[in-house]
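The structure file data.cif is reproduced below (mmCIF, C-alpha atoms).
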```
data_input
loop_
_atom_site.group_PDB
_atom_site.id
_atom_site.type_symbol
_atom_site.label_atom_id
_atom_site.label_comp_id
_atom_site.auth_asym_id
_atom_site.auth_seq_id
_atom_site.Cartn_x
_atom_site.Cartn_y
_atom_site.Cartn_z
ATOM 1 C CA MET A 2 -6.325 -14.277 -3.538
ATOM 2 C CA SER A 3 -2.878 -12.734 -3.875
ATOM 3 C CA ARG A 4 -1.355 -10.425 -1.300
ATOM 4 C CA LEU A 5 -1.806 -7.607 -3.801
ATOM 5 C CA ASP A 6 -5.550 -8.286 -4.103
ATOM 6 C CA SER A 7 -5.886 -8.611 -0.361
ATOM 7 C CA PHE A 8 -3.939 -5.401 0.296
ATOM 8 C CA ILE A 9 -6.058 -3.403 -2.162
ATOM 9 C CA ARG A 10 -9.242 -4.647 -0.468
ATOM 10 C CA ARG A 11 -7.898 -3.771 2.957
ATOM 11 C CA MET A 12 -6.967 -0.240 1.862
ATOM 12 C CA GLN A 13 -10.362 0.214 0.203
ATOM 13 C CA ALA A 14 -12.111 -1.051 3.330
ATOM 14 C CA GLN A 15 -10.145 1.402 5.457
ATOM 15 C CA ARG A 16 -10.929 4.339 3.177
ATOM 16 C CA ASP A 17 -14.588 3.370 2.742
ATOM 17 C CA CYS A 18 -15.114 2.924 6.493
ATOM 18 C CA ILE A 19 -13.527 6.304 7.250
ATOM 19 C CA ASN A 20 -15.639 8.035 4.587
ATOM 20 C CA HIS A 21 -18.715 6.190 5.847
ATOM 21 C CA VAL A 22 -18.487 7.633 9.360
ATOM 22 C CA ALA A 23 -17.143 11.073 8.377
ATOM 23 C CA GLY A 24 -20.601 12.606 8.068
ATOM 24 C CA GLN A 25 -21.458 11.598 11.627
ATOM 25 C CA VAL A 26 -18.255 13.134 12.978
ATOM 26 C CA HIS A 27 -18.460 16.460 11.123
ATOM 27 C CA GLY A 28 -21.094 18.075 13.282
ATOM 28 C CA LEU A 29 -19.616 17.079 16.641
ATOM 29 C CA PRO A 30 -16.712 18.623 18.564
ATOM 30 C CA GLY A 31 -13.629 16.742 19.734
ATOM 31 C CA PRO A 32 -10.272 15.744 18.298
ATOM 32 C CA ILE A 33 -9.458 12.859 15.987
ATOM 33 C CA LEU A 34 -6.906 10.196 16.866
ATOM 34 C CA GLU A 35 -4.810 8.355 14.293
ATOM 35 C CA LEU A 36 -3.018 5.328 15.773
ATOM 36 C CA GLY A 37 -0.154 4.302 13.511
ATOM 37 C CA LEU A 38 1.111 6.914 11.064
ATOM 38 C CA GLY A 39 2.989 4.595 8.681
ATOM 39 C CA ASN A 40 3.734 6.489 5.497
ATOM 40 C CA GLY A 41 1.041 9.036 6.361
ATOM 41 C CA ARG A 42 -1.465 8.240 3.604
ATOM 42 C CA THR A 43 -4.388 7.743 5.961
ATOM 43 C CA TYR A 44 -3.393 10.786 7.998
ATOM 44 C CA ASP A 45 -3.493 12.756 4.743
ATOM 45 C CA HIS A 46 -6.960 11.352 4.041
ATOM 46 C CA LEU A 47 -8.182 12.397 7.486
ATOM 47 C CA ARG A 48 -6.705 15.901 7.023
ATOM 48 C CA GLU A 49 -8.586 16.228 3.754
ATOM 49 C CA LEU A 50 -11.865 14.990 5.240
ATOM 50 C CA PHE A 51 -11.593 17.130 8.382
ATOM 51 C CA PRO A 52 -9.790 20.356 7.452
ATOM 52 C CA GLY A 53 -8.756 22.508 10.406
ATOM 53 C CA ARG A 54 -9.609 19.825 12.940
ATOM 54 C CA ASP A 55 -7.162 18.616 15.594
ATOM 55 C CA ILE A 56 -5.760 15.248 14.546
ATOM 56 C CA TYR A 57 -3.448 13.621 17.088
ATOM 57 C CA VAL A 58 -1.134 10.967 15.732
ATOM 58 C CA PHE A 59 0.407 8.072 17.668
ATOM 59 C CA GLU A 60 3.535 6.540 16.209
ATOM 60 C CA ARG A 61 6.503 4.631 17.556
ATOM 61 C CA GLN A 62 8.941 6.123 15.058
ATOM 62 C CA VAL A 63 8.072 8.550 12.275
ATOM 63 C CA ARG A 64 8.902 7.231 8.802
ATOM 64 C CA ALA A 65 6.182 9.017 6.854
ATOM 65 C CA HIS A 66 6.361 11.001 3.649
ATOM 66 C CA PRO A 67 7.727 14.484 4.542
ATOM 67 C CA ASP A 68 4.408 16.095 3.515
ATOM 68 C CA CYS A 69 2.478 13.828 5.900
ATOM 69 C CA ILE A 70 4.200 14.434 9.217
ATOM 70 C CA PRO A 71 1.970 16.016 11.849
ATOM 71 C CA PRO A 72 3.118 19.076 13.817
ATOM 72 C CA ASP A 73 5.108 18.264 16.970
ATOM 73 C CA ASN A 74 2.279 19.282 19.281
ATOM 74 C CA ARG A 75 -0.090 16.809 17.609
ATOM 75 C CA LEU A 76 2.308 13.875 17.674
ATOM 76 C CA PHE A 77 2.539 11.321 20.490
ATOM 77 C CA LEU A 78 5.850 9.649 19.816
ATOM 78 C CA GLY A 79 6.672 6.303 21.420
ATOM 79 C CA ASP A 80 5.143 2.988 22.302
ATOM 80 C CA ILE A 81 1.354 2.990 22.369
ATOM 81 C CA THR A 82 1.391 1.594 25.926
ATOM 82 C CA ASP A 83 3.082 4.852 27.003
ATOM 83 C CA THR A 84 1.535 7.333 24.623
ATOM 84 C CA LEU A 85 -2.165 6.465 25.065
ATOM 85 C CA PRO A 86 -2.058 7.040 28.857
ATOM 86 C CA ARG A 87 -0.064 10.258 28.240
ATOM 87 C CA ALA A 88 -2.696 11.441 25.772
ATOM 88 C CA ARG A 89 -5.421 10.579 28.299
ATOM 89 C CA ALA A 90 -3.779 12.859 30.836
ATOM 90 C CA GLN A 91 -3.500 15.676 28.281
ATOM 91 C CA LEU A 92 -6.764 15.397 26.351
ATOM 92 C CA GLY A 93 -9.186 13.625 28.671
ATOM 93 C CA PRO A 94 -12.115 11.644 27.236
ATOM 94 C CA THR A 95 -12.785 14.008 24.328
ATOM 95 C CA ALA A 96 -12.039 12.212 21.041
ATOM 96 C CA MET A 97 -14.894 11.947 18.549
ATOM 97 C CA LEU A 98 -13.134 9.658 16.077
ATOM 98 C CA ALA A 99 -10.256 7.227 16.465
ATOM 99 C CA HIS A 100 -8.716 5.203 13.679
ATOM 100 C CA SER A 101 -6.311 2.409 14.508
ATOM 101 C CA ASP A 102 -4.241 0.535 11.957
ATOM 102 C CA LEU A 103 -1.691 -1.041 14.282
ATOM 103 C CA GLY A 104 -0.231 -4.514 14.500
ATOM 104 C CA THR A 105 1.943 -6.845 12.526
ATOM 105 C CA GLY A 106 1.589 -10.273 10.964
ATOM 106 C CA ASP A 107 2.010 -11.853 14.433
ATOM 107 C CA LYS A 108 -1.485 -13.016 15.449
ATOM 108 C CA GLN A 109 -0.696 -13.565 19.128
ATOM 109 C CA ALA A 110 1.020 -10.190 19.485
ATOM 110 C CA ASN A 111 -1.972 -8.524 17.785
ATOM 111 C CA GLU A 112 -4.395 -10.163 20.237
ATOM 112 C CA GLU A 113 -2.293 -8.963 23.159
ATOM 113 C CA LEU A 114 -2.210 -5.482 21.634
ATOM 114 C CA GLY A 115 -5.990 -5.582 21.245
ATOM 115 C CA ARG A 116 -6.505 -6.411 24.922
ATOM 116 C CA PHE A 117 -4.517 -3.315 25.877
ATOM 117 C CA LEU A 118 -5.870 -1.116 23.096
ATOM 118 C CA GLY A 119 -9.611 -1.424 23.771
ATOM 119 C CA PRO A 120 -9.659 0.000 27.307
ATOM 120 C CA ALA A 121 -6.752 2.423 26.750
ATOM 121 C CA LEU A 122 -8.443 3.918 23.697
ATOM 122 C CA ASP A 123 -11.847 3.937 25.378
ATOM 123 C CA ALA A 124 -10.409 6.196 28.080
ATOM 124 C CA LEU A 125 -9.812 8.852 25.410
ATOM 125 C CA MET A 126 -13.196 8.643 23.685
ATOM 126 C CA ALA A 127 -16.124 10.992 24.177
ATOM 127 C CA PRO A 128 -19.603 9.442 24.532
ATOM 128 C CA GLY A 129 -21.043 8.902 21.048
ATOM 129 C CA GLY A 130 -17.602 8.851 19.461
ATOM 130 C CA LEU A 131 -16.620 6.408 16.742
ATOM 131 C CA VAL A 132 -13.751 3.944 16.656
ATOM 132 C CA LEU A 133 -12.457 2.337 13.453
ATOM 133 C CA ALA A 134 -9.936 -0.449 13.771
ATOM 134 C CA ASN A 135 -8.219 -3.095 11.695
ATOM 135 C CA GLN A 136 -8.794 -5.595 14.507
ATOM 136 C CA LYS A 137 -11.651 -6.622 16.776
ATOM 137 C CA LEU A 138 -11.711 -4.710 20.079
ATOM 138 C CA HIS A 139 -13.731 -5.632 23.150
ATOM 139 C CA VAL A 140 -15.086 -2.767 25.235
ATOM 140 C CA ALA A 141 -18.363 -3.241 27.109
ATOM 141 C CA ARG A 142 -19.784 0.209 26.336
ATOM 142 C CA TRP A 143 -18.988 0.035 22.603
ATOM 143 C CA THR A 144 -21.512 -1.167 20.013
ATOM 144 C CA ARG A 145 -20.297 -2.623 16.767
ATOM 145 C CA LEU A 146 -21.811 -0.920 13.694
ATOM 146 C CA PRO A 147 -22.233 -2.451 10.243
ATOM 147 C CA GLU A 148 -19.577 -1.797 7.606
ATOM 148 C CA PRO A 149 -20.557 0.219 4.516
ATOM 149 C CA PRO A 150 -21.667 -1.695 1.398
ATOM 150 C CA GLY A 151 -18.857 -3.475 -0.418
ATOM 151 C CA VAL A 152 -16.681 -3.988 2.658
ATOM 152 C CA LYS A 153 -16.354 -7.661 3.545
ATOM 153 C CA PRO A 154 -17.400 -8.411 7.151
ATOM 154 C CA ASP A 155 -14.493 -8.576 9.619
ATOM 155 C CA ARG A 156 -12.102 -6.813 7.261
ATOM 156 C CA TYR A 157 -12.528 -3.626 9.309
ATOM 157 C CA PHE A 158 -14.360 -2.869 12.555
ATOM 158 C CA ILE A 159 -16.552 0.130 13.365
ATOM 159 C CA TYR A 160 -17.710 0.846 16.914
ATOM 160 C CA ARG A 161 -19.852 3.545 18.496
ATOM 161 C CA VAL A 162 -18.869 4.505 22.030
ATOM 162 C CA GLY A 163 -21.790 4.399 24.476
ATOM 163 C CA ASP A 164 -22.585 6.893 27.225
ATOM 164 C CA MET B 9 -7.585 13.558 -3.795
ATOM 165 C CA SER B 10 -5.802 12.266 -0.692
ATOM 166 C CA ARG B 11 -2.651 10.213 -0.818
ATOM 167 C CA LEU B 12 -4.734 7.251 0.367
ATOM 168 C CA ASP B 13 -7.162 7.626 -2.580
ATOM 169 C CA SER B 14 -4.291 8.079 -4.982
ATOM 170 C CA PHE B 15 -2.408 5.063 -3.615
ATOM 171 C CA ILE B 16 -5.468 2.802 -3.878
ATOM 172 C CA ARG B 17 -5.984 3.850 -7.504
ATOM 173 C CA ARG B 18 -2.318 3.243 -8.314
ATOM 174 C CA MET B 19 -2.437 -0.250 -6.774
ATOM 175 C CA GLN B 20 -5.677 -1.046 -8.613
ATOM 176 C CA ALA B 21 -4.188 0.214 -11.884
ATOM 177 C CA GLN B 22 -1.140 -1.984 -11.363
ATOM 178 C CA ARG B 23 -3.218 -5.063 -10.601
ATOM 179 C CA ASP B 24 -5.727 -4.414 -13.420
ATOM 180 C CA CYS B 25 -2.963 -3.847 -15.987
ATOM 181 C CA ILE B 26 -1.181 -7.050 -14.964
ATOM 182 C CA ASN B 27 -4.417 -9.051 -15.125
ATOM 183 C CA HIS B 28 -5.263 -7.415 -18.455
ATOM 184 C CA VAL B 29 -2.122 -8.683 -20.195
ATOM 185 C CA ALA B 30 -1.895 -12.039 -18.391
ATOM 186 C CA GLY B 31 -3.991 -13.858 -20.985
ATOM 187 C CA GLN B 32 -1.628 -12.773 -23.773
ATOM 188 C CA VAL B 33 1.420 -13.981 -21.846
ATOM 189 C CA HIS B 34 0.041 -17.369 -20.810
ATOM 190 C CA GLY B 35 0.474 -19.120 -24.133
ATOM 191 C CA LEU B 36 3.989 -17.868 -24.874
ATOM 192 C CA PRO B 37 7.328 -19.098 -23.513
ATOM 193 C CA GLY B 38 9.874 -16.916 -21.721
ATOM 194 C CA PRO B 39 10.504 -15.737 -18.198
ATOM 195 C CA ILE B 40 8.825 -12.893 -16.340
ATOM 196 C CA LEU B 41 10.779 -9.994 -14.862
ATOM 197 C CA GLU B 42 9.688 -8.102 -11.735
ATOM 198 C CA LEU B 43 11.669 -4.877 -11.237
ATOM 199 C CA GLY B 44 11.321 -3.717 -7.640
ATOM 200 C CA LEU B 45 10.257 -6.332 -5.091
ATOM 201 C CA GLY B 46 9.174 -3.979 -2.295
ATOM 202 C CA ASN B 47 7.137 -5.961 0.212
ATOM 203 C CA GLY B 48 6.527 -8.654 -2.393
ATOM 204 C CA ARG B 49 2.780 -8.201 -2.920
ATOM 205 C CA THR B 50 3.031 -7.823 -6.685
ATOM 206 C CA TYR B 51 5.512 -10.692 -6.892
ATOM 207 C CA ASP B 52 2.932 -12.792 -5.045
ATOM 208 C CA HIS B 53 0.291 -11.697 -7.545
ATOM 209 C CA LEU B 54 2.528 -12.692 -10.469
ATOM 210 C CA ARG B 55 3.249 -16.081 -8.847
ATOM 211 C CA GLU B 56 -0.476 -16.683 -8.524
ATOM 212 C CA LEU B 57 -1.205 -15.663 -12.122
ATOM 213 C CA PHE B 58 1.711 -17.635 -13.589
ATOM 214 C CA PRO B 59 2.227 -20.740 -11.444
ATOM 215 C CA GLY B 60 5.397 -22.664 -12.178
ATOM 216 C CA ARG B 61 6.774 -19.970 -14.450
ATOM 217 C CA ASP B 62 10.255 -18.467 -13.984
ATOM 218 C CA ILE B 63 9.916 -15.039 -12.382
ATOM 219 C CA TYR B 64 13.179 -13.124 -11.993
ATOM 220 C CA VAL B 65 13.157 -10.353 -9.419
ATOM 221 C CA PHE B 66 15.388 -7.272 -9.393
ATOM 222 C CA GLU B 67 15.827 -5.556 -6.044
ATOM 223 C CA ARG B 68 18.461 -3.364 -4.457
ATOM 224 C CA GLN B 69 17.897 -4.754 -0.955
ATOM 225 C CA VAL B 70 15.317 -7.371 0.012
ATOM 226 C CA ARG B 71 12.831 -6.141 2.618
ATOM 227 C CA ALA B 72 9.828 -8.210 1.563
ATOM 228 C CA HIS B 73 7.448 -10.332 3.596
ATOM 229 C CA PRO B 74 9.249 -13.651 4.348
ATOM 230 C CA ASP B 75 6.645 -15.546 2.272
ATOM 231 C CA CYS B 76 7.339 -13.346 -0.755
ATOM 232 C CA ILE B 77 11.086 -13.672 -1.195
ATOM 233 C CA PRO B 78 12.126 -15.323 -4.465
ATOM 234 C CA PRO B 79 14.631 -18.192 -4.504
ATOM 235 C CA ASP B 80 18.274 -17.065 -4.694
ATOM 236 C CA ASN B 81 18.675 -18.218 -8.290
ATOM 237 C CA ARG B 82 15.752 -16.019 -9.365
ATOM 238 C CA LEU B 83 16.928 -12.888 -7.570
ATOM 239 C CA PHE B 84 19.169 -10.210 -9.098
ATOM 240 C CA LEU B 85 20.342 -8.313 -6.060
ATOM 241 C CA GLY B 86 21.847 -4.866 -6.419
ATOM 242 C CA ASP B 87 21.440 -1.632 -8.308
ATOM 243 C CA ILE B 88 19.378 -1.934 -11.464
ATOM 244 C CA THR B 89 22.204 -0.380 -13.501
ATOM 245 C CA ASP B 90 24.309 -3.445 -12.597
ATOM 246 C CA THR B 91 21.674 -6.148 -12.426
ATOM 247 C CA LEU B 92 19.894 -5.551 -15.753
ATOM 248 C CA PRO B 93 23.108 -5.958 -17.788
ATOM 249 C CA ARG B 94 23.975 -9.022 -15.656
ATOM 250 C CA ALA B 95 20.567 -10.510 -16.395
ATOM 251 C CA ARG B 96 21.030 -9.764 -20.105
ATOM 252 C CA ALA B 97 24.226 -11.791 -20.100
ATOM 253 C CA GLN B 98 22.515 -14.680 -18.297
ATOM 254 C CA LEU B 99 19.082 -14.748 -19.907
ATOM 255 C CA GLY B 100 19.459 -13.086 -23.276
ATOM 256 C CA PRO B 101 16.490 -11.396 -24.968
ATOM 257 C CA THR B 102 13.912 -13.936 -23.750
ATOM 258 C CA ALA B 103 11.470 -12.236 -21.349
ATOM 259 C CA MET B 104 7.804 -12.302 -22.301
ATOM 260 C CA LEU B 105 6.569 -9.980 -19.544
ATOM 261 C CA ALA B 106 8.318 -7.320 -17.491
ATOM 262 C CA HIS B 107 6.721 -5.298 -14.723
ATOM 263 C CA SER B 108 8.544 -2.293 -13.337
ATOM 264 C CA ASP B 109 7.461 -0.376 -10.261
ATOM 265 C CA LEU B 110 10.683 1.492 -9.552
ATOM 266 C CA GLY B 111 11.400 5.077 -8.615
ATOM 267 C CA THR B 112 10.781 7.500 -5.805
ATOM 268 C CA GLY B 113 9.020 10.824 -5.369
ATOM 269 C CA ASP B 114 11.982 12.553 -7.035
ATOM 270 C CA LYS B 115 10.779 13.479 -10.548
ATOM 271 C CA GLN B 116 14.211 14.268 -11.991
ATOM 272 C CA ALA B 117 15.738 11.044 -10.654
ATOM 273 C CA ASN B 118 12.799 9.088 -12.093
ATOM 274 C CA GLU B 119 13.316 10.612 -15.534
ATOM 275 C CA GLU B 120 16.991 9.724 -15.407
ATOM 276 C CA LEU B 121 16.080 6.191 -14.323
ATOM 277 C CA GLY B 122 13.603 5.970 -17.223
ATOM 278 C CA ARG B 123 16.277 6.920 -19.759
ATOM 279 C CA PHE B 124 18.434 4.039 -18.536
ATOM 280 C CA LEU B 125 15.574 1.618 -17.985
ATOM 281 C CA GLY B 126 13.979 1.650 -21.450
ATOM 282 C CA PRO B 127 16.990 0.390 -23.462
ATOM 283 C CA ALA B 128 18.358 -1.813 -20.631
ATOM 284 C CA LEU B 129 15.019 -3.570 -20.234
ATOM 285 C CA ASP B 130 14.480 -3.786 -23.975
ATOM 286 C CA ALA B 131 17.698 -5.788 -24.254
ATOM 287 C CA LEU B 132 16.046 -8.506 -22.132
ATOM 288 C CA MET B 133 12.700 -8.668 -23.936
ATOM 289 C CA ALA B 134 11.660 -11.203 -26.537
ATOM 290 C CA PRO B 135 9.865 -9.924 -29.663
ATOM 291 C CA GLY B 136 6.139 -9.643 -28.901
ATOM 292 C CA GLY B 137 6.780 -9.394 -25.161
ATOM 293 C CA LEU B 138 4.892 -7.001 -22.914
ATOM 294 C CA VAL B 139 6.238 -4.323 -20.597
ATOM 295 C CA LEU B 140 4.213 -2.760 -17.783
ATOM 296 C CA ALA B 141 5.664 0.235 -16.008
ATOM 297 C CA ASN B 142 4.716 2.918 -13.535
ATOM 298 C CA GLN B 143 6.500 5.467 -15.708
ATOM 299 C CA LYS B 144 6.663 6.371 -19.382
ATOM 300 C CA LEU B 145 9.492 4.599 -21.213
ATOM 301 C CA HIS B 146 10.809 5.502 -24.655
ATOM 302 C CA VAL B 147 11.991 2.631 -26.839
ATOM 303 C CA ALA B 148 11.670 2.915 -30.619
ATOM 304 C CA ARG B 149 10.493 -0.661 -31.207
ATOM 305 C CA TRP B 150 7.862 -0.587 -28.443
ATOM 306 C CA THR B 151 4.221 0.295 -29.096
ATOM 307 C CA ARG B 152 2.105 1.698 -26.314
ATOM 308 C CA LEU B 153 -1.125 -0.252 -25.735
ATOM 309 C CA PRO B 154 -4.333 1.092 -24.188
ATOM 310 C CA GLU B 155 -4.943 0.546 -20.470
ATOM 311 C CA PRO B 156 -7.864 -1.678 -19.447
ATOM 312 C CA PRO B 157 -11.221 -0.006 -18.685
ATOM 313 C CA GLY B 158 -11.255 1.908 -15.391
ATOM 314 C CA VAL B 159 -7.551 2.749 -15.385
ATOM 315 C CA LYS B 160 -6.945 6.460 -15.802
ATOM 316 C CA PRO B 161 -4.636 7.275 -18.739
ATOM 317 C CA ASP B 162 -0.971 7.778 -17.752
ATOM 318 C CA ARG B 163 -1.422 6.116 -14.377
ATOM 319 C CA TYR B 164 0.275 3.004 -15.742
ATOM 320 C CA PHE B 165 1.974 2.236 -19.059
ATOM 321 C CA ILE B 166 1.646 -0.897 -21.193
ATOM 322 C CA TYR B 167 3.970 -1.553 -24.131
ATOM 323 C CA ARG B 168 4.286 -4.325 -26.666
ATOM 324 C CA VAL B 169 7.815 -5.051 -27.832
ATOM 325 C CA GLY B 170 8.177 -5.089 -31.625
ATOM 326 C CA ASP B 171 10.179 -7.498 -33.741
#
```

Give the structure from the file, written as structure tokens.
Amino acid sequence: MSRLDSFIRRMQAQRDCINHVAGQVHGLPGPILELGLGNGRTYDHLRELFPGRDIYVFERQVRAHPDCIPPDNRLFLGDITDTLPRARAQLGPTAMLAHSDLGTGDKQANEELGRFLGPALDALMAPGGLVLANQKLHVARWTRLPEPPGVKPDRYFIYRVGD
Amino acid sequence: MSRLDSFIRRMQAQRDCINHVAGQVHGLPGPILELGLGNGRTYDHLRELFPGRDIYVFERQVRAHPDCIPPDNRLFLGDITDTLPRARAQLGPTAMLAHSDLGTGDKQANEELGRFLGPALDALMAPGGLVLANQKLHVARWTRLPEPPGVKPDRYFIYRVGD
């Protein structure tokens, strides 16, 4: 499979997983967290799915399309190891949905990131919240949920946060 | 439609259009031209579809994945207004397939680019060759072909070069 094929499937999986859980998030209060802004396409998708809802974005350095840059007071700018604890202090454990599309092609660095990310993100999540990630995360109180039809297992990861 | 939805459809259209014409290109001699390397995903797709075939890449500045960088003697590095005429001098009118995914969000700049691109690319194409582009191109001897099923009209453009 070419990198183009693989990329299309990954983007579809991301979109399909977000759409899949959106219905469960609509009725419940709490902000949404977007980890990794990139060019802002997924942020734009979240804005469309959840109009008027607080979406906090975490990004090391903003390089998004000008139309897809969050307002200053919804942007945690800097390294995720600094910004997640800062967000915890500001928001508490309130988030109902978190989507993480972090990492690079470096497998070892991604695993290290994952070990930090699980607990640091968990500290921000409300009970019953949902976490979507492009990598496996290990948090004792999270339960992995099945992907929607058409998404290949282990292409994307959906978790429900326990009580 | 969100930018994520729109991006997925554009990538699918690109891939489906390339796959659609691949069968017609397989039996005929002549190099392939890839205008705009980007991260190299589409170049990788072309390599997979046409193993062993000469693929010449045109890019202003290489920022692709390390696995997707063409060999030096297949890379025309620089502005397309310089590199296409250079390629014409080197290759002559021999290309059997050209794929162009150039341009930015600036509509006026894209139209200007298109006015240059049509004739400059035409000068490199063999009779009967195929051109795929993310923008409409106007060349008298080209005939527009229908997109494959599932690709929305005017999302991608397929042309056959006349005699």

Determine, using only C-alpha atoms, which residues of chain B have any atom at most 10 Å from an atom of chain A, and tabulate each with its shortest atom pair and distance in Å to one decimal place, rows ordered by chain and then rising number, as CSV.
```
residue,atom,partner,partner_atom,distance
B:Met9,CA,A:Glu49,CA,8.1
B:Ser10,CA,A:His46,CA,5.0
B:Arg11,CA,A:Arg42,CA,5.0
B:Leu12,CA,A:Arg42,CA,4.7
B:Asp13,CA,A:His46,CA,7.6
B:Ser14,CA,A:Arg42,CA,9.0
B:Phe15,CA,A:Arg42,CA,7.9
B:Ile16,CA,A:Ile9,CA,6.5
B:Arg17,CA,A:Ile9,CA,9.0
B:Arg18,CA,A:Ile9,CA,9.8
B:Met19,CA,A:Ile9,CA,6.7
B:Gln20,CA,A:Ile9,CA,6.9
B:Gln22,CA,A:Leu5,CA,9.4
B:Arg23,CA,A:Leu5,CA,7.4
B:Asn47,CA,A:Arg4,CA,9.7
B:Gly48,CA,A:Arg4,CA,8.2
B:Arg49,CA,A:Leu5,CA,4.7
B:Thr50,CA,A:Leu5,CA,5.6
B:Tyr51,CA,A:Leu5,CA,8.5
B:Asp52,CA,A:Ser3,CA,5.9
B:His53,CA,A:Ser3,CA,5.0
B:Leu54,CA,A:Ser3,CA,8.5
B:Arg55,CA,A:Ser3,CA,8.6
B:Glu56,CA,A:Ser3,CA,6.6
B:Leu57,CA,A:Ser3,CA,8.9
B:His73,CA,A:Gly106,CA,9.4
B:Cys76,CA,A:Arg4,CA,9.2
B:Gly113,CA,A:His66,CA,9.4
```

Since I can't run it myself right now, could you work out what the PyMOL selection byres ((chain A and resi 37) around 7) selects here and report it as an mmCIF file with C-alpha atoms, in the coordinates of the input?
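Okay, out-v8.cif is ready:
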```cif
data_model
loop_
_atom_site.group_PDB
_atom_site.id
_atom_site.type_symbol
_atom_site.label_atom_id
_atom_site.label_comp_id
_atom_site.auth_asym_id
_atom_site.auth_seq_id
_atom_site.Cartn_x
_atom_site.Cartn_y
_atom_site.Cartn_z
ATOM 1 C CA GLU A 35 -4.810 8.355 14.293
ATOM 2 C CA LEU A 36 -3.018 5.328 15.773
ATOM 3 C CA LEU A 38 1.111 6.914 11.064
ATOM 4 C CA GLY A 39 2.989 4.595 8.681
ATOM 5 C CA PHE A 59 0.407 8.072 17.668
ATOM 6 C CA GLU A 60 3.535 6.540 16.209
ATOM 7 C CA SER A 101 -6.311 2.409 14.508
ATOM 8 C CA ASP A 102 -4.241 0.535 11.957
ATOM 9 C CA LEU A 103 -1.691 -1.041 14.282
#
```

To test your reading of the syntax: which residues would the PyMOL selection byres ((chain B and resi 135) around 6) return for the file shown? Reply as a PDB file with C-alpha atoms, in the coordinates of the input.
```
ATOM      1  CA  ALA B 134      11.660 -11.203 -26.537  1.00  0.00           C
ATOM      2  CA  GLY B 136       6.139  -9.643 -28.901  1.00  0.00           C
ATOM      3  CA  GLY B 137       6.780  -9.394 -25.161  1.00  0.00           C
ATOM      4  CA  VAL B 169       7.815  -5.051 -27.832  1.00  0.00           C
ATOM      5  CA  GLY B 170       8.177  -5.089 -31.625  1.00  0.00           C
ATOM      6  CA  ASP B 171      10.179  -7.498 -33.741  1.00  0.00           C
TER       7      ASP B 171
END
```

- Written as a PyMOL selection string, what is the full residue list that the PyMOL selection byres ((chain B and resi 156) around 10) yields on the file shown? chain B and resi 21+24-29+153-155+157-161+166

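Distances from A:Ala121, A:Leu133, A:Asp68, A:Ala110 to Ala90 in chain A were compared using all atoms listed in the file, and the smallest one belongs to A:Ala121.
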
- Message: One number please: CA of Thr95 in chain A to CA of Asp123 in chain A, in Å, one decimal.
- Response: 10.2 Å

- Note on the structure: For Leu76 in chain A, the closest of A:Leu98, A:Ile33, A:Ala141, A:Leu114 counting all atoms listed in the file is A:Ile33

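If all atoms listed in the file are the atoms counted, then among B:Leu132, B:His34, B:Lys144, B:Leu125 the closest residue to Arg94 in chain B is B:Leu132.
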
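The space separating CA of Phe84 in chain B from CA of Arg123 in chain B comes to 20.4 Å.
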
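Proximity to Pro101 in chain B at 7 Å, evaluated using all atoms listed in the file and with sequence-adjacent residues fewer than 2 positions away removed, yields B:Arg96, B:Leu99, B:Ala103, B:Ala131, B:Leu132, B:Met133, B:Ala134.
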
Any chance you could export the current selection's C-alpha atoms as a PDB file, keeping the file's coordinate frame?
```
ATOM      1  CA  ARG B  96      21.030  -9.764 -20.105  1.00  0.00           C
ATOM      2  CA  LEU B  99      19.082 -14.748 -19.907  1.00  0.00           C
ATOM      3  CA  ALA B 103      11.470 -12.236 -21.349  1.00  0.00           C
ATOM      4  CA  ALA B 131      17.698  -5.788 -24.254  1.00  0.00           C
ATOM      5  CA  LEU B 132      16.046  -8.506 -22.132  1.00  0.00           C
ATOM      6  CA  MET B 133      12.700  -8.668 -23.936  1.00  0.00           C
ATOM      7  CA  ALA B 134      11.660 -11.203 -26.537  1.00  0.00           C
TER       8      ALA B 134
END
```

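CA of Thr105 in chain A is positioned 28.3 Å from CA of Gly93 in chain A.
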
- May I have the protein, DNA and RNA residues with an atom at most 7 Å from (8.7, -2.3, -18.1), counting all atoms listed in the file in the file's coordinates, returned as a list in words? Ala106, His107, Ser108, Leu129, Val139, Leu140 and Ala141 of chain B
